[in-house]
$ cat work_16.pdb   # PDB, C-alpha atoms
ATOM      1  CA  MET A   1      53.812  -6.712  36.098
ATOM      2  CA  LEU A   2      55.298  -9.373  38.306
ATOM      3  CA  LEU A   3      52.670 -10.907  40.611
ATOM      4  CA  ASN A   4      53.745 -12.815  43.732
ATOM      5  CA  VAL A   5      51.220 -15.594  44.485
ATOM      6  CA  GLN A   6      53.101 -17.208  47.407
ATOM      7  CA  ARG A   7      50.365 -16.091  49.812
ATOM      8  CA  ILE A   8      47.666 -18.253  48.180
ATOM      9  CA  ILE A   9      49.659 -21.284  46.976
ATOM     10  CA  ASN A  10      48.737 -23.382  50.031
ATOM     11  CA  ALA A  11      45.396 -21.710  50.795
ATOM     12  CA  PRO A  12      42.480 -23.362  48.937
ATOM     13  CA  GLY A  13      39.603 -20.968  48.276
ATOM     14  CA  GLU A  14      41.788 -17.835  48.418
ATOM     15  CA  ARG A  15      42.136 -15.357  45.578
ATOM     16  CA  MET A  16      44.189 -12.338  44.581
ATOM     17  CA  GLU A  17      42.798  -9.616  42.350
ATOM     18  CA  PHE A  18      44.896  -7.265  40.240
ATOM     19  CA  GLN A  19      44.547  -4.419  37.766
ATOM     20  CA  PHE A  20      47.172  -2.549  35.783
ATOM     21  CA  SER A  21      47.731  -0.765  32.466
ATOM     22  CA  LEU A  22      49.965  -1.796  29.593
ATOM     23  CA  ASP A  23      51.532   0.654  27.170
ATOM     24  CA  LEU A  24      51.437  -0.928  23.711
ATOM     25  CA  SER A  25      51.769   2.343  21.785
ATOM     26  CA  ASP A  26      55.135   1.143  20.439
ATOM     27  CA  VAL A  27      53.660  -1.968  18.792
ATOM     28  CA  ASP A  28      53.808  -1.687  14.996
ATOM     29  CA  PHE A  29      50.951  -3.652  13.447
ATOM     30  CA  GLY A  30      50.905  -3.501   9.664
ATOM     31  CA  GLY A  31      52.543  -0.080   9.568
ATOM     32  CA  LEU A  32      50.109   1.375  12.107
ATOM     33  CA  TYR A  33      50.269   1.899  15.858
ATOM     34  CA  PRO A  34      46.664   1.084  16.863
ATOM     35  CA  ALA A  35      47.068   1.019  20.673
ATOM     36  CA  GLN A  36      47.183   4.767  21.319
ATOM     37  CA  GLU A  37      45.448   4.362  24.688
ATOM     38  CA  PRO A  38      46.715   2.088  27.482
ATOM     39  CA  VAL A  39      45.456  -1.496  27.561
ATOM     40  CA  VAL A  40      43.669  -2.076  30.883
ATOM     41  CA  VAL A  41      44.250  -5.532  32.360
ATOM     42  CA  THR A  42      42.011  -6.802  35.183
ATOM     43  CA  GLY A  43      42.000 -10.270  36.625
ATOM     44  CA  GLU A  44      42.567 -12.623  39.491
ATOM     45  CA  VAL A  45      44.461 -15.691  40.622
ATOM     46  CA  ARG A  46      42.283 -18.248  42.426
ATOM     47  CA  ASN A  47      43.291 -21.303  44.395
ATOM     48  CA  ILE A  48      40.735 -23.925  43.417
ATOM     49  CA  ALA A  49      41.248 -27.091  45.478
ATOM     50  CA  GLY A  50      45.010 -26.582  45.546
ATOM     51  CA  MET A  51      45.339 -25.592  41.864
ATOM     52  CA  LEU A  52      46.104 -21.989  40.949
ATOM     53  CA  LEU A  53      44.158 -20.506  38.039
ATOM     54  CA  LEU A  54      45.143 -17.162  36.537
ATOM     55  CA  SER A  55      42.410 -15.383  34.560
ATOM     56  CA  PHE A  56      42.463 -11.882  33.126
ATOM     57  CA  THR A  57      40.840  -9.616  30.566
ATOM     58  CA  ALA A  58      42.811  -7.056  28.566
ATOM     59  CA  GLU A  59      40.717  -4.254  27.042
ATOM     60  CA  ALA A  60      41.448  -1.205  24.906
ATOM     61  CA  THR A  61      40.001   0.927  22.149
ATOM     62  CA  LEU A  62      42.244   0.674  19.109
ATOM     63  CA  LYS A  63      42.606   3.339  16.419
ATOM     64  CA  SER A  64      42.000   1.370  13.231
ATOM     65  CA  VAL A  65      41.679   2.000   9.506
ATOM     66  CA  CYS A  66      39.036   0.103   7.565
ATOM     67  CA  ASP A  67      40.612  -2.200   5.000
ATOM     68  CA  ARG A  68      37.744  -1.621   2.542
ATOM     69  CA  CYS A  69      36.912   2.101   2.692
ATOM     70  CA  LEU A  70      40.079   3.443   4.393
ATOM     71  CA  LYS A  71      38.142   5.391   7.049
ATOM     72  CA  GLU A  72      39.605   5.697  10.545
ATOM     73  CA  PHE A  73      37.431   4.338  13.348
ATOM     74  CA  ASP A  74      37.597   3.324  17.014
ATOM     75  CA  ASN A  75      37.779  -0.447  17.385
ATOM     76  CA  PRO A  76      37.033  -1.812  20.897
ATOM     77  CA  LYS A  77      39.112  -4.917  21.622
ATOM     78  CA  SER A  78      38.804  -7.331  24.550
ATOM     79  CA  VAL A  79      40.899 -10.436  25.136
ATOM     80  CA  HIS A  80      40.144 -12.974  27.883
ATOM     81  CA  CYS A  81      42.739 -15.573  28.969
ATOM     82  CA  GLU A  82      42.998 -18.330  31.573
ATOM     83  CA  TYR A  83      46.140 -20.213  32.538
ATOM     84  CA  PRO A  84      46.793 -22.831  35.217
ATOM     85  CA  LEU A  85      49.846 -22.013  37.347
ATOM     86  CA  VAL A  86      52.218 -24.680  38.677
ATOM     87  CA  GLU A  87      55.371 -24.536  40.778
ATOM     88  CA  GLU A  88      57.142 -27.167  38.660
ATOM     89  CA  ALA A  89      56.378 -29.028  35.453
ATOM     90  CA  ALA A  90      55.422 -32.705  35.723
ATOM     91  CA  ASN A  91      56.784 -33.369  32.210
ATOM     92  CA  GLU A  92      58.412 -31.468  29.364
ATOM     93  CA  ASP A  93      55.142 -30.743  27.526
ATOM     94  CA  THR A  94      53.733 -27.853  29.576
ATOM     95  CA  GLY A  95      51.211 -26.621  26.969
ATOM     96  CA  ASP A  96      49.310 -23.629  28.340
ATOM     97  CA  VAL A  97      50.529 -24.216  31.895
ATOM     98  CA  ILE A  98      52.586 -21.374  33.351
ATOM     99  CA  ILE A  99      55.472 -22.350  35.603
ATOM    100  CA  LEU A 100      55.969 -20.048  38.595
ATOM    101  CA  GLU A 101      59.435 -18.654  39.241
ATOM    102  CA  ASP A 102      60.016 -18.179  42.988
ATOM    103  CA  GLY A 103      56.238 -17.988  43.491
ATOM    104  CA  CYS A 104      55.833 -15.203  40.905
ATOM    105  CA  VAL A 105      54.226 -14.933  37.476
ATOM    106  CA  ASP A 106      54.816 -12.150  34.925
ATOM    107  CA  VAL A 107      51.210 -11.219  34.170
ATOM    108  CA  GLY A 108      52.310  -8.164  32.177
ATOM    109  CA  GLU A 109      54.194 -10.263  29.636
ATOM    110  CA  LEU A 110      51.350 -12.793  29.385
ATOM    111  CA  ALA A 111      48.798 -10.006  28.783
ATOM    112  CA  ARG A 112      51.045  -8.253  26.250
ATOM    113  CA  THR A 113      51.582 -11.443  24.250
ATOM    114  CA  ALA A 114      47.911 -12.481  24.365
ATOM    115  CA  PHE A 115      46.666  -9.030  23.303
ATOM    116  CA  ILE A 116      49.090  -8.761  20.380
ATOM    117  CA  LEU A 117      48.320 -12.285  19.161
ATOM    118  CA  GLU A 118      44.558 -11.574  19.219
ATOM    119  CA  MET A 119      44.775  -8.369  17.162
ATOM    120  CA  ASP A 120      42.773  -8.556  13.943
ATOM    121  CA  GLU A 121      44.715  -8.928  10.702
ATOM    122  CA  LYS A 122      41.870  -7.332   8.776
ATOM    123  CA  THR A 123      39.755  -4.534  10.250
ATOM    124  CA  LEU A 124      36.395  -3.368   8.953
ATOM    125  CA  CYS A 125      34.397  -0.340  10.112
ATOM    126  CA  SER A 126      31.263  -2.498   9.748
ATOM    127  CA  GLU A 127      30.406  -5.939   8.391
ATOM    128  CA  GLY A 128      28.402  -4.329   5.585
ATOM    129  CA  CYS A 129      31.172  -1.960   4.430
ATOM    130  CA  LYS A 130      31.114  -1.764   0.635
ATOM    131  CA  GLY A 131      34.558  -0.200   0.286
ATOM    132  CA  ILE A 132      35.678   2.176  -2.445
ATOM    133  CA  CYS A 133      35.343   1.896  -6.213
ATOM    134  CA  PRO A 134      38.641   0.769  -7.716
ATOM    135  CA  GLY A 135      37.956   2.869 -10.817
ATOM    136  CA  CYS A 136      36.909   6.300  -9.554
ATOM    137  CA  GLY A 137      37.589   6.041  -5.805
ATOM    138  CA  VAL A 138      34.034   6.894  -4.650
ATOM    139  CA  ASP A 139      33.089   5.626  -1.195
ATOM    140  CA  LEU A 140      30.405   3.062  -2.052
ATOM    141  CA  ASN A 141      28.921   3.363   1.463
ATOM    142  CA  GLN A 142      27.848   6.929   0.653
ATOM    143  CA  GLY A 143      26.664   6.454  -2.901
ATOM    144  CA  SER A 144      27.172   4.623  -6.155
ATOM    145  CA  CYS A 145      29.905   5.304  -8.648
ATOM    146  CA  THR A 146      29.497   6.456 -12.241
ATOM    147  CA  CYS A 147      32.071   4.080 -13.677
ATOM    148  CA  LYS A 148      31.043   1.978 -16.641
ATOM    149  CA  LYS A 149      31.506  -1.684 -15.884
ATOM    150  CA  GLN A 150      34.630  -2.913 -17.648
ATOM    151  CA  VAL A 151      34.242  -6.160 -19.548
ATOM    152  CA  ASP A 152      37.089  -8.641 -19.330
ATOM    153  CA  PRO A 153      38.679  -8.633 -22.837
ATOM    154  CA  ARG A 154      38.585 -12.424 -22.861
ATOM    155  CA  LEU A 155      34.794 -12.288 -22.510
ATOM    156  CA  ALA A 156      34.151  -9.376 -24.899
ATOM    157  CA  VAL A 157      32.761 -11.667 -27.614
ATOM    158  CA  LEU A 158      30.263 -13.140 -25.157
ATOM    159  CA  ALA A 159      29.271  -9.653 -23.962
ATOM    160  CA  LYS A 160      28.165  -8.836 -27.529
ATOM    161  CA  LEU A 161      25.592 -11.626 -27.262
ATOM    162  CA  LEU A 162      23.915  -9.740 -24.412
ATOM    163  CA  GLU A 163      23.619  -6.497 -26.385
ATOM    164  CA  PRO A 164      20.208  -5.815 -28.006
ATOM    165  CA  ASP A 165      20.007  -6.599 -31.706
ATOM    166  CA  GLU A 166      20.382  -3.585 -33.979
ATOM    167  CA  GLN A 167      18.291  -4.057 -37.130
TER     168      GLN A 167
END
$ encode --input "work_16.pdb" --output "structure tokens"
Amino acid sequence: MLLNVQRIINAPGERMEFQFSLDLSDVDFGGLYPAQEPVVVTGEVRNIAGMLLLSFTAEATLKSVCDRCLKEFDNPKSVHCEYPLVEEAANEDTGDVIILEDGCVDVGELARTAFILEMDEKTLCSEGCKGICPGCGVDLNQGSCTCKKQVDPRLAVLAKLLEPDEQ
């Protein structure tokens, strides 16, 4: 979404609000397409003492799969960003400053990039998720497994020391 901010560039105290939706359903993230619903972006551009400040929040509910127990769950995601806007760069190092092109800023591209960069690499259905047993595949959140603990063959001799004496 291209936003024209010409109207408030020379008007301290003025602001422009905006809201739009982004379609990120085509974004492949680790073999999954988590953004099944549109990402809603709401924000504003404010002129604070002659400086333009763009701030927005991008929110969506992602369809995720827990990396421990493999259950699907809804994962609410919210990303907040702020960027100063300038008409021209004072030096080559612009950092997080966004340079306006003909008084316009592409808020859609900024929101898309910010949302994708803030997506979690690892998703968990809950902090206390115990996962699944690697031996029998039982969901450890719903019960315990019946697998016998395997002893590392390198430590088998030491494990015999823990066994009760048979006399």
$ axis_aligned_box --input "work_16.pdb" --around "stretch 97-108 of chain A" --padding-each-side "4 Å" --output "lines of an AutoDock Vina configuration file"
center_x = 55.3
center_y = -16.2
center_z = 37.7
size_x = 17.5
size_y = 24.1
size_z = 19.6
$ closest_residue --input "work_16.pdb" --among "A:Cys125, A:Ile132, A:Leu117, A:Cys81" --to "A:Cys147" --atoms "only C-alpha atoms"
A:Ile132
$ residues_around --input "work_16.pdb" --residues "A:Gly108" --least-positions-apart "2" --cutoff "9 Å" --atoms "all atoms listed in the file" --output "list in words"
Met1, Leu2, Leu3, Phe20, Ser21, Leu22, Val41, Val105, Asp106, Leu110, Ala111, Arg112 and Thr113 of chain A
$ atom_distance --input "work_16.pdb" --atom1 "atom CA of A:Leu140" --atom2 "atom CA of A:Arg154"
27.2 Å
$ atom_distance --input "work_16.pdb" --atom1 "atom CA of A:Leu100" --atom2 "atom CA of A:Ser78"
25.6 Å
$ resolve_selection --input "work_16.pdb" --expression "the PyMOL selection byres ((chain A and resi 23) around 8)" --output "number ranges by chain"
A: 21-22, 24-26, 35, 37-39
$ resolve_selection --input "work_16.pdb" --expression "the PyMOL selection byres ((chain A and resi 83) around 9)" --output "JSON, numbers by chain"
{"A": [52, 53, 54, 55, 81, 82, 84, 85, 96, 97, 98]}
$ residues_around --input "work_16.pdb" --residues "A:Lys63" --least-positions-apart "4" --cutoff "10 Å" --atoms "only C-alpha atoms" --output "PyMOL selection string"
chain A and resi 32-37+72-76
$ atom_distance --input "work_16.pdb" --atom1 "atom CA of A:Pro134" --atom2 "atom CA of A:Arg68"
10.6 Å
$ residues_around --input "work_16.pdb" --residues "A:His80" --least-positions-apart "2" --cutoff "7 Å" --atoms "only C-alpha atoms" --output "list in words"
Phe56, Thr57, Ala58 and Ser78 of chain A
$ write_last_selection --input "work_16.pdb" --atoms "C-alpha atoms" --output "PDB file, in the coordinates of the input"
ATOM      1  CA  PHE A  56      42.463 -11.882  33.126  1.00  0.00           C
ATOM      2  CA  THR A  57      40.840  -9.616  30.566  1.00  0.00           C
ATOM      3  CA  ALA A  58      42.811  -7.056  28.566  1.00  0.00           C
ATOM      4  CA  SER A  78      38.804  -7.331  24.550  1.00  0.00           C
TER       5      SER A  78
END
$ residues_around --input "work_16.pdb" --residues "A:Gln142" --least-positions-apart "6" --cutoff "12 Å" --atoms "all atoms listed in the file" --output "number ranges by chain"
A: 69, 129-133
$ build_atoms --input "work_16.pdb" --residues "stretch 54-71 of chain A" --atoms "N, CA and C atoms" --output "tab-separated table (two decimals), in the frame of the given file"
chain	number	residue	atom	x	y	z
A	54	LEU	N	45.00	-18.57	36.87
A	54	LEU	CA	45.14	-17.16	36.54
A	54	LEU	C	44.15	-16.85	35.43
A	55	SER	N	43.33	-15.83	35.62
A	55	SER	CA	42.41	-15.38	34.56
A	55	SER	C	42.45	-13.86	34.51
A	56	PHE	N	42.45	-13.34	33.28
A	56	PHE	CA	42.46	-11.88	33.13
A	56	PHE	C	41.80	-11.49	31.82
A	57	THR	N	41.41	-10.21	31.76
A	57	THR	CA	40.84	-9.62	30.57
A	57	THR	C	41.63	-8.36	30.27
A	58	ALA	N	42.08	-8.24	29.03
A	58	ALA	CA	42.81	-7.06	28.57
A	58	ALA	C	41.91	-6.32	27.59
A	59	GLU	N	41.65	-5.03	27.86
A	59	GLU	CA	40.72	-4.25	27.04
A	59	GLU	C	41.32	-2.92	26.63
A	60	ALA	N	41.01	-2.51	25.41
A	60	ALA	CA	41.45	-1.20	24.91
A	60	ALA	C	40.60	-0.83	23.71
A	61	THR	N	40.63	0.44	23.37
A	61	THR	CA	40.00	0.93	22.15
A	61	THR	C	41.13	1.26	21.19
A	62	LEU	N	41.17	0.52	20.09
A	62	LEU	CA	42.24	0.67	19.11
A	62	LEU	C	41.84	1.68	18.03
A	63	LYS	N	42.81	2.43	17.55
A	63	LYS	CA	42.61	3.34	16.42
A	63	LYS	C	42.89	2.52	15.16
A	64	SER	N	41.86	2.24	14.39
A	64	SER	CA	42.00	1.37	13.23
A	64	SER	C	41.62	2.09	11.95
A	65	VAL	N	42.04	1.51	10.83
A	65	VAL	CA	41.68	2.00	9.51
A	65	VAL	C	40.98	0.85	8.80
A	66	CYS	N	39.81	1.13	8.26
A	66	CYS	CA	39.04	0.10	7.56
A	66	CYS	C	39.79	-0.35	6.31
A	67	ASP	N	39.90	-1.65	6.15
A	67	ASP	CA	40.61	-2.20	5.00
A	67	ASP	C	39.82	-2.09	3.70
A	68	ARG	N	38.55	-1.76	3.76
A	68	ARG	CA	37.74	-1.62	2.54
A	68	ARG	C	37.56	-0.17	2.12
A	69	CYS	N	37.22	0.71	3.06
A	69	CYS	CA	36.91	2.10	2.69
A	69	CYS	C	37.96	3.10	3.16
A	70	LEU	N	38.96	2.64	3.92
A	70	LEU	CA	40.08	3.44	4.39
A	70	LEU	C	39.70	4.54	5.39
A	71	LYS	N	38.54	4.43	6.01
A	71	LYS	CA	38.14	5.39	7.05
A	71	LYS	C	38.73	4.98	8.38
